[in-house]
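For reference, the structure discussed in these notes is given below.
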Amino acid sequence: MQITVTLNGRRCTDEVAPDMTLYSYLRQKGCYSVKCGCETSSCGLCTVHFDGKPVLSCSMLAVRADGHSVTTLEGVEQEALEFGKFLADEGGEQCGFCSPGFIMNVLAMVKELPDPTDEQIKHYLAGNLCRCTGYQSHLRAIKKYLAAKQKEAVR
């Protein structure tokens, strides 16, 4: 099947098998930030933005992306680096395996919830599994990132 996808701002037309996952398609296109840890939609490692909303690419067929926009970490590199510094400063960047999916969810959350409560943050990020941390460093990093963004917006 032929699909046309806007991938990280670039239009791509490709032949894909009907059963190919979006995750496999993205890896084939060189988007190596997209990782798969479970293949059951349980870990959040494969999170990408689909028309601006976070989705799990391991459980979505590539053909569903036809005519849509998909953004991976490679497509939001500057924003990712900015938040990544907060994450590293708070000790939330240990092995780094979960970071791409986690960062993609945080960036989507910031657009959707400009001033979230702790409970909203926890709820939004509930599908991201990290085996290295206790998530407190992640929460501190998000709060500091949000505070910096709000400070920036006031200027």
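Every chain in the structure tokens has a letter given in the order shown (A, B, ...), and although residue numbers restart at 1 in each chain, ligands are simply numbered from 1 in the order shown.
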
Within 12 Å of A:Val110 using only C-alpha atoms, minus same-chain residues under 6 positions, as a PyMOL selection string:
chain A and resi 52-54+79+83+103-104+116-117+120-121+124-125+142-143+145-150

Selection export as a compact mmCIF listing (two decimals), in the first residue's frame, atoms kept: N, CA and C atoms:
```
# COMPACT_ATOMS: atom_id res chain seq x y z
N GLY A 52 -0.01 16.19 16.17
CA GLY A 52 0.20 16.99 17.37
C GLY A 52 -0.13 16.30 18.68
N LYS A 53 -0.72 15.13 18.64
CA LYS A 53 -1.11 14.41 19.86
C LYS A 53 -0.19 13.20 20.07
N PRO A 54 0.17 12.89 21.31
CA PRO A 54 1.04 11.74 21.53
C PRO A 54 0.30 10.42 21.27
N GLU A 79 13.47 21.82 21.12
CA GLU A 79 12.62 21.72 22.31
C GLU A 79 13.08 20.56 23.20
N PHE A 83 14.35 20.75 27.16
CA PHE A 83 13.79 20.01 28.30
C PHE A 83 14.80 18.98 28.81
N ILE A 103 10.13 12.48 26.75
CA ILE A 103 10.24 13.87 26.29
C ILE A 103 9.11 14.21 25.32
N MET A 104 8.78 13.29 24.43
CA MET A 104 7.68 13.55 23.49
C MET A 104 6.37 13.78 24.23
N PRO A 116 -0.14 22.69 34.51
CA PRO A 116 -0.75 21.50 35.11
C PRO A 116 -0.42 21.35 36.59
N THR A 117 -1.32 20.70 37.29
CA THR A 117 -1.09 20.34 38.69
C THR A 117 -0.21 19.09 38.71
N GLN A 120 -2.22 16.19 37.44
CA GLN A 120 -2.38 16.19 35.98
C GLN A 120 -1.11 15.72 35.29
N ILE A 121 0.04 16.13 35.80
CA ILE A 121 1.32 15.68 35.24
C ILE A 121 1.44 14.17 35.37
N TYR A 124 -0.97 12.42 32.99
CA TYR A 124 -0.57 12.54 31.59
C TYR A 124 0.59 11.62 31.25
N LEU A 125 1.48 11.42 32.19
CA LEU A 125 2.69 10.65 31.94
C LEU A 125 2.63 9.22 32.48
N ILE A 142 10.15 18.50 35.21
CA ILE A 142 8.98 19.06 34.53
C ILE A 142 8.56 20.37 35.19
N LYS A 143 8.51 20.39 36.51
CA LYS A 143 8.10 21.60 37.22
C LYS A 143 9.07 22.76 36.94
N TYR A 145 11.04 23.06 34.33
CA TYR A 145 10.89 23.39 32.91
C TYR A 145 9.66 24.28 32.71
N LEU A 146 8.54 23.91 33.33
CA LEU A 146 7.32 24.71 33.22
C LEU A 146 7.51 26.10 33.80
N ALA A 147 8.19 26.19 34.94
CA ALA A 147 8.45 27.49 35.56
C ALA A 147 9.30 28.36 34.65
N ALA A 148 10.31 27.76 34.03
CA ALA A 148 11.16 28.51 33.10
C ALA A 148 10.38 28.97 31.88
N LYS A 149 9.48 28.12 31.37
CA LYS A 149 8.65 28.48 30.22
C LYS A 149 7.71 29.63 30.58
N GLN A 150 7.12 29.58 31.78
CA GLN A 150 6.22 30.64 32.21
C GLN A 150 6.98 31.96 32.39
```

Test item, alpha helix (DSSP H) assignment across chain A, answer as a ChimeraX atom specification:
/A:22-28,77-89,99-112,118-124,136-154

Selection export as a PDB file, in the first residue's frame, atoms kept: C-alpha atoms:
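Output (result_14.pdb):
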```pdb
ATOM      1  CA  LEU A  22       4.121   2.958  12.463  1.00  0.00           C
ATOM      2  CA  TYR A  23       7.088   2.202  14.739  1.00  0.00           C
ATOM      3  CA  SER A  24       8.701  -0.027  12.083  1.00  0.00           C
ATOM      4  CA  TYR A  25       8.012   2.523   9.370  1.00  0.00           C
ATOM      5  CA  LEU A  26       9.610   5.331  11.385  1.00  0.00           C
ATOM      6  CA  ARG A  27      12.706   3.261  12.147  1.00  0.00           C
ATOM      7  CA  GLN A  28      12.940   2.395   8.446  1.00  0.00           C
ATOM      8  CA  GLU A  77      15.235  18.573  18.505  1.00  0.00           C
ATOM      9  CA  GLN A  78      15.573  22.103  19.934  1.00  0.00           C
ATOM     10  CA  GLU A  79      12.621  21.719  22.314  1.00  0.00           C
ATOM     11  CA  ALA A  80      13.863  18.256  23.302  1.00  0.00           C
ATOM     12  CA  LEU A  81      17.347  19.544  24.068  1.00  0.00           C
ATOM     13  CA  GLU A  82      15.888  22.349  26.151  1.00  0.00           C
ATOM     14  CA  PHE A  83      13.792  20.009  28.295  1.00  0.00           C
ATOM     15  CA  GLY A  84      16.529  17.355  28.301  1.00  0.00           C
ATOM     16  CA  LYS A  85      18.828  19.726  30.180  1.00  0.00           C
ATOM     17  CA  PHE A  86      16.263  20.035  32.967  1.00  0.00           C
ATOM     18  CA  LEU A  87      15.859  16.261  33.026  1.00  0.00           C
ATOM     19  CA  ALA A  88      19.621  15.683  33.254  1.00  0.00           C
ATOM     20  CA  ASP A  89      20.070  18.378  35.924  1.00  0.00           C
ATOM     21  CA  SER A  99      13.886   9.541  27.516  1.00  0.00           C
ATOM     22  CA  PRO A 100      12.733  10.008  23.894  1.00  0.00           C
ATOM     23  CA  GLY A 101       9.190   8.775  24.552  1.00  0.00           C
ATOM     24  CA  PHE A 102       9.064  10.602  27.874  1.00  0.00           C
ATOM     25  CA  ILE A 103      10.242  13.867  26.288  1.00  0.00           C
ATOM     26  CA  MET A 104       7.681  13.546  23.486  1.00  0.00           C
ATOM     27  CA  ASN A 105       4.911  13.211  26.078  1.00  0.00           C
ATOM     28  CA  VAL A 106       6.193  16.158  28.113  1.00  0.00           C
ATOM     29  CA  LEU A 107       6.335  18.397  25.032  1.00  0.00           C
ATOM     30  CA  ALA A 108       2.769  17.427  24.103  1.00  0.00           C
ATOM     31  CA  MET A 109       1.596  17.988  27.674  1.00  0.00           C
ATOM     32  CA  VAL A 110       3.124  21.475  27.793  1.00  0.00           C
ATOM     33  CA  LYS A 111       1.106  22.454  24.714  1.00  0.00           C
ATOM     34  CA  GLU A 112      -2.099  20.968  26.069  1.00  0.00           C
ATOM     35  CA  ASP A 118       1.099  17.515  40.011  1.00  0.00           C
ATOM     36  CA  GLU A 119      -1.824  15.120  39.597  1.00  0.00           C
ATOM     37  CA  GLN A 120      -2.379  16.192  35.985  1.00  0.00           C
ATOM     38  CA  ILE A 121       1.320  15.684  35.241  1.00  0.00           C
ATOM     39  CA  LYS A 122       1.275  12.215  36.797  1.00  0.00           C
ATOM     40  CA  HIS A 123      -1.893  11.291  34.929  1.00  0.00           C
ATOM     41  CA  TYR A 124      -0.572  12.545  31.588  1.00  0.00           C
ATOM     42  CA  GLN A 136      10.625  12.167  41.426  1.00  0.00           C
ATOM     43  CA  SER A 137      13.494  13.511  39.337  1.00  0.00           C
ATOM     44  CA  HIS A 138      11.192  13.550  36.309  1.00  0.00           C
ATOM     45  CA  LEU A 139       8.551  15.482  38.224  1.00  0.00           C
ATOM     46  CA  ARG A 140      11.105  18.020  39.495  1.00  0.00           C
ATOM     47  CA  ALA A 141      12.457  18.483  35.959  1.00  0.00           C
ATOM     48  CA  ILE A 142       8.977  19.059  34.532  1.00  0.00           C
ATOM     49  CA  LYS A 143       8.104  21.602  37.222  1.00  0.00           C
ATOM     50  CA  LYS A 144      11.345  23.520  36.684  1.00  0.00           C
ATOM     51  CA  TYR A 145      10.887  23.394  32.912  1.00  0.00           C
ATOM     52  CA  LEU A 146       7.315  24.710  33.217  1.00  0.00           C
ATOM     53  CA  ALA A 147       8.448  27.488  35.560  1.00  0.00           C
ATOM     54  CA  ALA A 148      11.164  28.508  33.101  1.00  0.00           C
ATOM     55  CA  LYS A 149       8.646  28.480  30.220  1.00  0.00           C
ATOM     56  CA  GLN A 150       6.219  30.643  32.210  1.00  0.00           C
ATOM     57  CA  LYS A 151       9.017  33.053  33.126  1.00  0.00           C
ATOM     58  CA  GLU A 152      10.007  33.206  29.448  1.00  0.00           C
ATOM     59  CA  ALA A 153       6.405  33.952  28.415  1.00  0.00           C
ATOM     60  CA  VAL A 154       6.184  36.899  30.835  1.00  0.00           C
TER      61      VAL A 154
END
```

Excluding A:Met20 and any residue of its chain fewer than 5 positions from it, enumerate the residues within 9 Å of it, using only C-alpha atoms, and give them as a list in words.
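Residues meeting the cut-off are Tyr25, Met60, Leu61, Ala62 and Val63 of chain A.
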
Generate the output file for the selected residues, C-alpha atoms, as a compact mmCIF listing (two decimals), in the first residue's frame.
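selection-v4.txt, freshly written:
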```
# COMPACT_ATOMS: atom_id res chain seq x y z
CA TYR A 25 8.01 2.52 9.37
CA MET A 60 -0.61 1.83 15.25
CA LEU A 61 -0.44 0.63 11.68
CA ALA A 62 1.63 2.76 9.31
CA VAL A 63 -1.29 2.92 6.85
```

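For the pair atom CA of A:Ala65 and atom CA of A:Val34, the separation is 15.5 Å.
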
Strand (DSSP E or B) residues, from DSSP on the backbone, in stretch 22-117 of chain A, as a list in words
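DSSP on the backbone gives strand (DSSP E or B) at Thr47, Val48, His49, Phe50, Lys53, Pro54, Val55, Leu56, Leu61, Ser69, Val70 and Thr71 of chain A.
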
When you draw a straight line from atom CA of A:Thr47 to atom CA of A:Gly96, how long is it in Å?
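Interatomic distance, atom CA of A:Thr47 to atom CA of A:Gly96: 14.5 Å.
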
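Counting only C-alpha atoms, the residue from A:Asn8, A:Val55, A:His68, A:Ala17 that sits nearest to A:Gly127 is A:Val55.
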
Between atom CA of A:Leu113 and atom CA of A:Thr40 - distance in Å to one decimal
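Calculated distance between atom CA of A:Thr40 and atom CA of A:Leu113 is 26.9 Å.
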
Within 6 Å of A:Thr72, counting only C-alpha atoms, which residues qualify if same-chain residues fewer than 2 places away don't, as a PyMOL selection string?
chain A and resi 48+74-75

Selected residue, from A:Gly44, A:Asp66, A:Thr21, A:Gly37, that lies nearest to A:Gln2 when counting only C-alpha atoms
A:Asp66

From A:Gly92, A:Thr71, A:Arg10, A:Cys38, residue lying nearest A:Thr133 [only C-alpha atoms]:
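Using only C-alpha atoms, A:Thr133 sits closest to A:Gly92.
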
Mind checking which residues fall within 7 Å of A:Met1, counting only C-alpha atoms, ignoring those fewer than 4 positions away in the same chain, and posting them as a PyMOL selection string?
chain A and resi 15-18

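Ranking A:Asn128, A:Val5, A:Cys36, A:Gly134 by their shortest atom-to-atom distance to A:Arg64, with only C-alpha atoms included, puts A:Val5 first.
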
Need to verify the contact set: A:Glu39, 9 Å, only C-alpha atoms, exclusion of same-chain residues closer than 4 positions in sequence. Can you return it as a compact mmCIF listing (two decimals) with C-alpha atoms, in the first residue's frame?
```
# COMPACT_ATOMS: atom_id res chain seq x y z
CA CYS A 43 5.93 1.35 28.17
CA CYS A 46 7.60 4.50 21.07
CA CYS A 58 4.11 0.25 18.22
CA SER A 59 0.35 -0.28 18.26
```
